[in-house]
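J.: Dropping a structure here in structure tokens format, bear with me for questions.
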There are 2 protein chains.
Amino acid sequence: MMSSEKNPTRDRILKSTWSLLEGGGGGTVRMSDIAKAAKISRQALYLHFPNRAELLVATTRYLDEVYDVEARLRPSRAATSGVERLRAWVDAWCNYIPLIHGVGKALMAMQATDVEAQAAWANRMSAVREGCAAAVSALEQDGQLTDGLSPAEATDALWSLLSVRLWEHLRIDCGWDQARYVALMQEMADGLLVSKRHEP
Amino acid sequence: MMSSEKNPTRDRILKSTWSLLEGGGGGTVRMSDIAKAAKISRQALYLHFPNRAELLVATTRYLDEVYDVEARLRPSRAATSGVERLRAWVDAWCNYIPLIHGVGKALMAMQATDVEAQAAWANRMSAVREGCAAAVSALEQDGQLTDGLSPAEATDALWSLLSVRLWEHLRIDCGWDQARYVALMQEMADGLLVSKRHEP
DNA sequence: TCGATAACTTGACACGGTGTCAAGTTGACA
DNA sequence: TGTCAACTTGACACCGTGTCAAGTTATCGA
């Protein structure tokens with residue numbers, strides 16, 4: 001069941017939030033802007049979401065549904081080797097970031113002041129950490145994890161490499177294109193985590 | 001001439017800003033808090049600084065002076081090889097981040113909404129990029145820069161690795177200690193940028 | 001000694017954004 | 001016909017920034 005069937009206006013709010021946030025103005029999108037875009041009064045927003053933070057979080061979940069996160073993760077879960085799993089995971093997540101970046105940016109902008117937003121974003125990101133941990137663990141089981149790092153350290157390092165902020169820095173501040181960004185992440189993940197013992 | 005001699009209250013404001021920001025509450029430190037800490041009225045703050053953003057920027061410059069940035073950069077400038085220059089630069093900057101992180105956090109928190117803060121922080125960070133560019137260039141002159149990356153790309157990549165946000169992620173979100181953080185940055189910078197052609 | 005000037009104080013206010021409250025309106029359904 | 005849910009309008013409190021106006025205090029020079 002698509003969420004749209006159950007509650008049309010809630011769905012319209014989420015769509016509007018999404019499209020406004022797509023525009024890049026993360027911290028500058030106001031509740032009133034969203035209301036206007038959804039053709040609803042500002043107050044009606046609060047009938048559906050208790051506050052801005054929860055509206056944004058709901059929007060990320062909505063995007064997970066629309067973009068079918070599960071399908072995107074399938075290749076990495078289906079990988080037969082640790083190296084392949086890492087490669088597929090980095091690919092999947094790196095290419096997912098641009099899709100959620102608008103909402104992510106807004107949520108990250110709230111973190112400094114809003115405790116709720118902080119918890120919400122941390123929670124979303126801990127799911128990413130789990131993906132990193134799974135890839136590291138697969139690598140370890142193949143005996144391909146670098147000696148220099150413990151699994152926990154390797155997970156943290158990979159997680160950091162795949163952070164939204166690093167994506168922002170390279171793509172926005174440095175002006176890189178997506179392909180080059182992904183290529184660098186692949187190279188760094190491989191160089192950092194994969195043991196080179198068995199290579200020529 | 002130390003800035004303290006010239007204008008005592010301005011100096012007291014900067015010291016207060018600094019110490020409040022040290023406490024970590026980047027976005028939550030208000031102008032009134034700073035005024036109170038400096039034993040001054042909130043309005044008097046505006047006699048010295050036009051707005052919050054400029055006060056924060058002035059605080060970063062103050063820290064540069066107090067912590068003697070120039071001296072910290074000397075080892076990297078004095079390096080005789082590209083590899084050594086890179087190592088010294090990464091070391092200097094990585095160990096400078098924790099000192100300015102409080103102010104940096106506050107300034108970064110303002111970026112989403114405040115254009116002035118955005119420009120100010122971007123300007124400060126472009127100085128860091130220049131340090132990265134210098135290290136990359138030294139490496140290139142030694143013929144030790146990896147083939148896979150252009151100098152500009154290598155600079156961007158190093159700059160991203162050395163971003164304050166990555167430091168935050170590893171040190172705060174992941175709970176790493178400073179030494180481990182620096183070690184990882186050294187390893188990644190070396191692995192990413194330095195050509196391994198002449199090794200055993 | 002007077003008076004000007006700079007540094008600072010007190011107290012008020014506008015603005016913009018979030019979240020809340022109260023009192024309607026509208027339409028569907030029993 | 002009445003009731004309930006979804007929504008509207010309009011008001012308001014709160015908070016933090018930045019501004020304005022009028023008053024105090026200390027110092028310095030003529």
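To be explicit about the labels: the chains of the structure tokens are called A, B, and onward in the order shown, and within each one the residues are counted from 1, while ligands get numbers from 1 in the order they are shown.
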Mind dumping a table of every chain A residue within 8 Å of chain B, with the nearest atom pair and its distance in Å to one decimal, using only C-alpha atoms, sorted by chain and rising number, as JSON lines?
T.:
```
{"residue": "A:Gly25", "atom": "CA", "partner": "B:Ala112", "partner_atom": "CA", "distance": 8.0}
{"residue": "A:Gly26", "atom": "CA", "partner": "B:Ala112", "partner_atom": "CA", "distance": 6.8}
{"residue": "A:Gly27", "atom": "CA", "partner": "B:Ala112", "partner_atom": "CA", "distance": 5.0}
{"residue": "A:Thr28", "atom": "CA", "partner": "B:Thr113", "partner_atom": "CA", "distance": 6.1}
{"residue": "A:Ala109", "atom": "CA", "partner": "B:Ala112", "partner_atom": "CA", "distance": 6.1}
{"residue": "A:Ala112", "atom": "CA", "partner": "B:Gly27", "partner_atom": "CA", "distance": 5.0}
{"residue": "A:Thr113", "atom": "CA", "partner": "B:Gly27", "partner_atom": "CA", "distance": 5.7}
{"residue": "A:Asp156", "atom": "CA", "partner": "B:Cys174", "partner_atom": "CA", "distance": 6.5}
{"residue": "A:Ala157", "atom": "CA", "partner": "B:Leu170", "partner_atom": "CA", "distance": 7.6}
{"residue": "A:Ser160", "atom": "CA", "partner": "B:His169", "partner_atom": "CA", "distance": 6.4}
{"residue": "A:Arg165", "atom": "CA", "partner": "B:Arg165", "partner_atom": "CA", "distance": 6.8}
{"residue": "A:Leu166", "atom": "CA", "partner": "B:Ser160", "partner_atom": "CA", "distance": 6.5}
{"residue": "A:His169", "atom": "CA", "partner": "B:Ser160", "partner_atom": "CA", "distance": 6.4}
{"residue": "A:Leu170", "atom": "CA", "partner": "B:Ser160", "partner_atom": "CA", "distance": 6.8}
{"residue": "A:Cys174", "atom": "CA", "partner": "B:Asp156", "partner_atom": "CA", "distance": 6.5}
{"residue": "A:Met188", "atom": "CA", "partner": "B:Leu192", "partner_atom": "CA", "distance": 7.0}
{"residue": "A:Gly191", "atom": "CA", "partner": "B:Gly191", "partner_atom": "CA", "distance": 7.0}
{"residue": "A:Leu192", "atom": "CA", "partner": "B:Met188", "partner_atom": "CA", "distance": 6.9}
```
J.: Show which residues sit within 10 Å of region 15-26 of chain C, as number ranges by chain. Count only C-alpha atoms (C1' of nucleotides), and ignore same-chain residues fewer than 2 positions away.
T.: A: 30-32, 43, 46, 50-52; C: 13, 28; D: 6-18
J.: Might you pull out every residue within 10 Å of Lys196 (chain A), with only C-alpha atoms (C1' of nucleotides) counted and same-chain residues fewer than 5 positions away left off, and present them as a PyMOL selection string?
T.: chain A and resi 144-146+190-191
J.: Once you count only C-alpha atoms (C1' of nucleotides), which residues of chain C turn out to be within 9 Å of chain B? Could you give them as a PyMOL selection string?
T.: chain C and resi 7-9
J.: Can you tell me how far CA of Arg12 (chain A) sits from CA of Leu73 (chain A), in Å to one decimal?
T.: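 That distance, rounded to one decimal, is 27.1 Å.
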